[in-house]
$ cat coords21.txt   # compact mmCIF, C-alpha atoms
# COMPACT_ATOMS: atom_id res chain seq x y z
CA MET A 1 91.37 108.81 131.63
CA THR A 2 93.68 107.77 128.84
CA ILE A 3 97.21 108.92 128.12
CA LYS A 4 99.41 111.98 128.17
CA CYS A 5 102.09 112.26 125.54
CA ALA A 6 105.10 114.49 124.94
CA ILE A 7 107.64 114.64 122.12
CA VAL A 8 111.31 115.19 122.90
CA PRO A 9 113.54 115.72 119.83
CA VAL A 10 116.87 113.99 120.48
CA THR A 11 120.26 113.44 118.82
CA PRO A 12 121.73 115.51 115.96
CA TYR A 13 119.06 113.85 113.78
CA GLN A 14 116.26 115.53 115.80
CA GLN A 15 114.49 112.23 116.21
CA ASN A 16 111.07 112.41 117.89
CA CYS A 17 111.36 110.45 121.12
CA SER A 18 107.85 110.05 122.56
CA ILE A 19 106.99 109.84 126.24
CA VAL A 20 103.63 108.24 127.01
CA VAL A 21 102.04 108.26 130.46
CA CYS A 22 98.96 106.34 131.57
CA GLU A 23 96.92 108.97 133.41
CA GLU A 24 95.26 106.44 135.69
CA THR A 25 98.42 104.72 136.97
CA GLY A 26 101.15 107.26 136.29
CA LEU A 27 103.23 104.56 134.60
CA ALA A 28 105.15 105.61 131.51
CA ALA A 29 106.97 104.34 128.44
CA VAL A 30 109.63 105.97 126.33
CA VAL A 31 109.35 105.29 122.62
CA ASP A 32 112.57 105.37 120.57
CA PRO A 33 115.17 106.83 122.95
CA GLY A 34 117.96 107.56 120.48
CA GLY A 35 120.07 109.67 122.81
CA ASP A 36 120.13 112.77 125.03
CA ILE A 37 118.90 110.86 128.05
CA GLU A 38 118.90 113.96 130.24
CA GLN A 39 116.40 115.65 127.94
CA ILE A 40 114.19 112.56 127.96
CA GLU A 41 114.32 112.43 131.74
CA ALA A 42 113.39 116.11 131.95
CA GLY A 43 110.36 115.46 129.76
CA LEU A 44 109.41 112.47 131.88
CA GLU A 45 109.63 114.54 135.04
CA GLN A 46 107.50 117.27 133.49
CA LEU A 47 104.77 114.75 132.63
CA GLY A 48 105.04 113.16 136.04
CA GLY A 49 105.39 109.57 134.92
CA LYS A 50 107.22 106.59 136.40
CA LEU A 51 109.11 104.77 133.66
CA GLU A 52 108.14 101.11 133.29
CA LYS A 53 109.37 100.15 129.80
CA ILE A 54 111.04 101.19 126.58
CA LEU A 55 109.33 100.68 123.21
CA LEU A 56 111.24 100.60 119.93
CA THR A 57 109.80 101.05 116.43
CA HIS A 58 113.00 99.95 114.67
CA GLY A 59 116.70 99.42 115.03
CA HIS A 60 118.25 102.56 113.55
CA MET A 61 120.72 104.26 115.89
CA ASP A 62 118.84 107.56 116.21
CA HIS A 63 115.84 105.60 117.51
CA CYS A 64 117.47 103.10 119.86
CA ALA A 65 121.05 104.04 120.75
CA ALA A 66 120.17 105.05 124.33
CA ALA A 67 117.75 102.18 124.95
CA ASP A 68 120.14 99.78 126.66
CA VAL A 69 121.63 102.51 128.85
CA MET A 70 118.14 103.42 130.04
CA ARG A 71 117.23 99.75 130.51
CA GLN A 72 120.17 99.27 132.83
CA LYS A 73 119.66 102.57 134.67
CA TYR A 74 115.97 101.99 135.39
CA ASN A 75 115.92 98.17 135.39
CA ILE A 76 113.09 98.07 132.86
CA PRO A 77 112.53 95.98 129.71
CA ILE A 78 113.05 96.93 126.08
CA ILE A 79 110.07 95.87 123.98
CA GLY A 80 110.35 95.70 120.20
CA PRO A 81 110.95 96.05 117.37
CA HIS A 82 110.26 92.99 115.19
CA LYS A 83 113.07 90.42 115.18
CA ASP A 84 113.87 91.17 111.51
CA ASP A 85 115.66 94.30 112.76
CA ALA A 86 118.07 92.30 114.92
CA PHE A 87 120.87 92.81 112.39
CA TRP A 88 120.54 96.59 112.73
CA ILE A 89 120.84 96.49 116.52
CA GLU A 90 123.76 94.05 116.36
CA LYS A 91 125.64 96.53 114.16
CA LEU A 92 124.95 99.59 116.31
CA PRO A 93 128.62 100.14 117.24
CA GLU A 94 129.64 99.90 113.59
CA TRP A 95 126.98 102.33 112.38
CA CYS A 96 127.72 104.83 115.15
CA SER A 97 131.42 104.74 114.31
CA MET A 98 130.81 105.16 110.57
CA THR A 99 128.57 108.21 111.00
CA GLY A 100 130.19 109.95 113.97
CA PHE A 101 127.13 109.23 116.12
CA PRO A 102 127.75 108.83 119.88
CA HIS A 103 128.84 105.25 120.59
CA ALA A 104 126.24 102.66 121.51
CA ASP A 105 126.73 98.99 122.33
CA ALA A 106 124.74 96.25 120.67
CA PHE A 107 121.94 94.77 122.77
CA THR A 108 119.07 92.31 122.62
CA PRO A 109 115.53 93.49 123.42
CA ASP A 110 113.68 91.68 126.18
CA GLU A 111 110.82 91.01 123.80
CA TRP A 112 110.47 91.05 120.02
CA LEU A 113 107.10 92.10 118.59
CA ASP A 114 104.93 90.64 115.83
CA ASP A 115 102.03 92.03 113.85
CA GLY A 116 98.86 91.84 115.92
CA ASP A 117 100.60 91.96 119.30
CA THR A 118 99.65 94.47 121.96
CA VAL A 119 101.77 96.34 124.48
CA THR A 120 100.59 98.06 127.62
CA VAL A 121 101.60 101.27 129.34
CA GLY A 122 100.01 101.15 132.76
CA LYS A 123 96.40 100.22 131.99
CA GLN A 124 96.54 101.56 128.43
CA THR A 125 96.85 99.23 125.43
CA PHE A 126 98.62 99.88 122.15
CA ASP A 127 98.14 97.73 119.06
CA VAL A 128 101.30 96.66 117.23
CA LYS A 129 101.44 96.71 113.45
CA HIS A 130 104.43 95.29 111.59
CA CYS A 131 105.22 97.85 108.87
CA PRO A 132 108.35 96.80 106.95
CA GLY A 133 109.89 98.82 104.15
CA HIS A 134 112.06 101.42 105.84
CA THR A 135 113.57 98.53 107.78
CA PRO A 136 112.39 94.91 107.65
CA GLY A 137 111.45 94.80 111.33
CA HIS A 138 109.77 98.17 111.72
CA VAL A 139 106.64 98.30 113.91
CA ILE A 140 104.20 101.06 114.85
CA PHE A 141 102.17 101.56 118.03
CA PHE A 142 98.49 102.56 117.88
CA HIS A 143 96.24 103.70 120.74
CA GLN A 144 92.66 103.18 119.61
CA GLN A 145 90.90 105.34 122.21
CA LYS A 146 93.23 108.31 121.74
CA LYS A 147 93.40 107.83 117.95
CA LEU A 148 97.16 108.22 118.20
CA ALA A 149 99.87 106.33 116.33
CA MET A 150 103.62 106.41 116.79
CA VAL A 151 104.91 105.43 113.38
CA GLY A 152 108.67 105.87 113.54
CA ASP A 153 110.12 106.37 110.07
CA VAL A 154 107.29 104.75 108.09
CA LEU A 155 105.45 107.99 107.32
CA PHE A 156 106.15 111.71 107.72
CA GLN A 157 104.19 114.86 107.09
CA GLY A 158 104.51 115.17 103.31
CA SER A 159 106.96 112.31 102.90
CA ILE A 160 107.76 108.66 103.65
CA GLY A 161 110.70 106.77 105.09
CA ARG A 162 113.90 106.19 103.16
CA THR A 163 114.30 102.77 101.58
CA ASP A 164 117.93 102.93 100.43
CA PHE A 165 119.30 101.35 103.60
CA PRO A 166 120.15 97.63 103.81
CA ARG A 167 117.00 95.51 103.38
CA GLY A 168 114.82 98.54 102.76
CA ASP A 169 112.20 98.25 100.02
CA HIS A 170 110.07 101.02 98.54
CA ASP A 171 107.16 98.88 97.33
CA THR A 172 106.97 97.11 100.68
CA LEU A 173 106.87 100.47 102.49
CA ILE A 174 104.02 101.73 100.32
CA GLN A 175 102.13 98.50 100.97
CA SER A 176 102.67 98.86 104.73
CA ILE A 177 101.27 102.39 104.70
CA GLN A 178 98.23 101.48 102.62
CA GLU A 179 97.40 98.19 104.33
CA LYS A 180 98.44 98.82 107.95
CA LEU A 181 98.10 102.59 108.54
CA TRP A 182 95.21 103.82 106.39
CA PRO A 183 92.66 101.30 107.78
CA LEU A 184 93.21 102.78 111.27
CA GLY A 185 91.24 105.86 110.19
CA ASP A 186 91.67 109.29 108.63
CA ASP A 187 91.18 110.91 112.05
CA VAL A 188 94.28 109.28 113.53
CA THR A 189 97.02 111.70 114.56
CA PHE A 190 100.49 110.27 114.11
CA ILE A 191 103.85 111.11 115.59
CA PRO A 192 106.55 110.50 112.98
CA GLY A 193 110.18 109.75 113.70
CA HIS A 194 111.15 113.24 112.58
CA GLY A 195 109.31 116.49 111.99
CA PRO A 196 105.78 117.65 112.81
CA THR A 197 102.74 115.52 113.54
CA SER A 198 99.94 115.07 111.02
CA THR A 199 96.88 112.91 110.43
CA PHE A 200 96.45 109.94 108.14
CA GLY A 201 93.57 111.74 106.42
CA HIS A 202 95.74 114.77 105.65
CA GLU A 203 98.47 112.58 104.20
CA ARG A 204 95.97 110.65 102.06
CA GLN A 205 94.94 113.98 100.57
CA THR A 206 98.29 115.75 100.23
CA ASN A 207 101.30 113.43 100.56
CA PRO A 208 102.88 113.18 97.09
CA PHE A 209 104.22 109.67 97.80
CA VAL A 210 101.09 107.95 99.10
CA SER A 211 98.08 110.18 98.41
CA ASP A 212 94.88 108.53 97.23
CA THR A 213 95.10 110.45 93.94
CA ARG A 214 98.54 108.99 93.25
CA PHE A 215 97.23 105.45 93.55
CA GLY A 216 93.61 106.06 92.67
$ encode --input "coords21.txt" --output "structure tokens"
Amino acid sequence: MTIKCAIVPVTPYQQNCSIVVCEETGLAAVVDPGGDIEQIEAGLEQLGGKLEKILLTHGHMDHCAAADVMRQKYNIPIIGPHKDDAFWIEKLPEWCSMTGFPHADAFTPDEWLDDGDTVTVGKQTFDVKHCPGHTPGHVIFFHQQKKLAMVGDVLFQGSIGRTDFPRGDHDTLIQSIQEKLWPLGDDVTFIPGHGPTSTFGHERQTNPFVSDTRFG
């Protein structure tokens, strides 16, 4: 028994909020709850999981704006991202106001994550990889047995994350993809922050930004 996973697109940005349930214990985590809590809760009920924690890949509003509300409602911890994204979370109210996004208060996660850490969902373990570039504190979560990675806005099917935000860096993002994602294996399926799932192998063959032929 490993994990069950569902994707719930939330917010006007159609951000992929992931719900992960440990099949053995029934305990669950929500990854990147950007908003639309009712939809997330409906997905959680459908999977039959009991929420035990919130995991964040990075501090952009469409990925974390509902995290503190859910933390308070369920009395559970927020884990992640890396502390270098603290400035993004501190400015949540400002960014929401500037873009017309539903208001969210600033918050502090219960635990910041570093490269090489692990997080658990029930009895299941996810490896944490620090993958800066889109934001400086971006992390991804990788389940070795399931060959599943939740990569936030590092990599998409056919594209990569934007790097024109404050403290974004294109070369750093490319390095993160090549050095942190590709070694996990071509057979890894990944859930991006937006859009359809893909595999690392498919992106190495076809993604115009990071394909092996582009850098070969």
$ closest_residue --input "coords21.txt" --among "A:Asp186, A:Asp84, A:Asp212, A:Asp62" --to "Leu148 in chain A" --atoms "only C-alpha atoms"
A:Asp186
$ closest_residue --input "coords21.txt" --among "A:Cys22, A:Pro166, A:Val31, A:Thr11" --to "His103 in chain A" --atoms "only C-alpha atoms"
A:Thr11
$ closest_residue --input "coords21.txt" --among "A:Pro9, A:Gly59, A:Gly201, A:Gly49" --to "Trp112 in chain A" --atoms "only C-alpha atoms"
A:Gly59
$ residues_around --input "coords21.txt" --residues "Leu113 in chain A" --least-positions-apart "6" --cutoff "8 Å" --atoms "all atoms listed in the file" --output "ChimeraX atom specification"
/A:79-83,128,139
$ write_last_selection --input "coords21.txt" --atoms "C-alpha atoms" --output "mmCIF file, in the frame of the given file"
data_model
loop_
_atom_site.group_PDB
_atom_site.id
_atom_site.type_symbol
_atom_site.label_atom_id
_atom_site.label_comp_id
_atom_site.auth_asym_id
_atom_site.auth_seq_id
_atom_site.Cartn_x
_atom_site.Cartn_y
_atom_site.Cartn_z
ATOM 1 C CA ILE A 79 110.070 95.870 123.980
ATOM 2 C CA GLY A 80 110.350 95.700 120.200
ATOM 3 C CA PRO A 81 110.950 96.050 117.370
ATOM 4 C CA HIS A 82 110.260 92.990 115.190
ATOM 5 C CA LYS A 83 113.070 90.420 115.180
ATOM 6 C CA VAL A 128 101.300 96.660 117.230
ATOM 7 C CA VAL A 139 106.640 98.300 113.910
#
$ residues_around --input "coords21.txt" --residues "range 106-111 of chain A" --least-positions-apart "5" --cutoff "10 Å" --atoms "all atoms listed in the file" --output "VMD selection string"
chain A and resid 54 to 56 64 to 65 67 to 69 71 76 to 83 86 to 94
$ closest_residue --input "coords21.txt" --among "A:Cys131, A:Gly43, A:Thr57, A:Glu52" --to "Glu179 in chain A" --atoms "all atoms listed in the file"
A:Cys131
$ atom_distance --input "coords21.txt" --atom1 "CA of Val154 in chain A" --atom2 "CA of Gly168 in chain A"
11.1 Å
$ closest_residue --input "coords21.txt" --among "A:His143, A:His58, A:Arg214, A:Arg204" --to "Phe156 in chain A" --atoms "all atoms listed in the file"
A:Arg204
$ residues_around --input "coords21.txt" --residues "Gln175 in chain A" --least-positions-apart "6" --cutoff "10 Å" --atoms "all atoms listed in the file" --output "PyMOL selection string"
chain A and resi 131-133+181+210
$ build_atoms --input "coords21.txt" --residues "range 53-66 of chain A" --atoms "N, CA, C and O atoms" --output "mmCIF file, in the frame of the given file"
data_model
loop_
_atom_site.group_PDB
_atom_site.id
_atom_site.type_symbol
_atom_site.label_atom_id
_atom_site.label_comp_id
_atom_site.auth_asym_id
_atom_site.auth_seq_id
_atom_site.Cartn_x
_atom_site.Cartn_y
_atom_site.Cartn_z
ATOM 1 N N LYS A 53 108.846 100.914 130.933
ATOM 2 C CA LYS A 53 109.370 100.150 129.800
ATOM 3 C C LYS A 53 109.811 101.078 128.690
ATOM 4 O O LYS A 53 109.480 102.275 128.661
ATOM 5 N N ILE A 54 110.567 100.504 127.772
ATOM 6 C CA ILE A 54 111.040 101.190 126.580
ATOM 7 C C ILE A 54 110.453 100.478 125.373
ATOM 8 O O ILE A 54 110.510 99.242 125.287
ATOM 9 N N LEU A 55 109.886 101.235 124.453
ATOM 10 C CA LEU A 55 109.330 100.680 123.210
ATOM 11 C C LEU A 55 110.149 101.164 122.031
ATOM 12 O O LEU A 55 110.492 102.346 121.947
ATOM 13 N N LEU A 56 110.449 100.250 121.108
ATOM 14 C CA LEU A 56 111.240 100.600 119.930
ATOM 15 C C LEU A 56 110.463 100.303 118.653
ATOM 16 O O LEU A 56 109.911 99.204 118.493
ATOM 17 N N THR A 57 110.446 101.279 117.734
ATOM 18 C CA THR A 57 109.800 101.050 116.430
ATOM 19 C C THR A 57 110.732 100.330 115.471
ATOM 20 O O THR A 57 110.284 99.531 114.660
ATOM 21 N N HIS A 58 112.036 100.634 115.543
ATOM 22 C CA HIS A 58 113.000 99.950 114.670
ATOM 23 C C HIS A 58 114.409 100.134 115.197
ATOM 24 O O HIS A 58 114.620 100.814 116.195
ATOM 25 N N GLY A 59 115.362 99.530 114.496
ATOM 26 C CA GLY A 59 116.700 99.420 115.030
ATOM 27 C C GLY A 59 117.714 100.443 114.579
ATOM 28 O O GLY A 59 118.911 100.250 114.809
ATOM 29 N N HIS A 60 117.294 101.525 113.940
ATOM 30 C CA HIS A 60 118.250 102.560 113.550
ATOM 31 C C HIS A 60 118.766 103.305 114.774
ATOM 32 O O HIS A 60 118.022 103.536 115.730
ATOM 33 N N MET A 61 120.024 103.716 114.720
ATOM 34 C CA MET A 61 120.720 104.260 115.890
ATOM 35 C C MET A 61 120.021 105.470 116.491
ATOM 36 O O MET A 61 119.970 105.623 117.720
ATOM 37 N N ASP A 62 119.467 106.340 115.665
ATOM 38 C CA ASP A 62 118.840 107.560 116.210
ATOM 39 C C ASP A 62 117.529 107.256 116.925
ATOM 40 O O ASP A 62 116.950 108.134 117.566
ATOM 41 N N HIS A 63 117.068 106.016 116.830
ATOM 42 C CA HIS A 63 115.840 105.600 117.510
ATOM 43 C C HIS A 63 116.098 104.700 118.717
ATOM 44 O O HIS A 63 115.202 104.546 119.550
ATOM 45 N N CYS A 64 117.293 104.105 118.801
ATOM 46 C CA CYS A 64 117.470 103.100 119.860
ATOM 47 C C CYS A 64 118.812 103.145 120.570
ATOM 48 O O CYS A 64 119.064 102.328 121.458
ATOM 49 N N ALA A 65 119.689 104.088 120.221
ATOM 50 C CA ALA A 65 121.050 104.040 120.750
ATOM 51 C C ALA A 65 121.128 104.204 122.266
ATOM 52 O O ALA A 65 122.080 103.732 122.896
ATOM 53 N N ALA A 66 120.154 104.870 122.876
ATOM 54 C CA ALA A 66 120.170 105.050 124.330
ATOM 55 C C ALA A 66 119.297 104.031 125.066
ATOM 56 O O ALA A 66 119.193 104.072 126.294
#
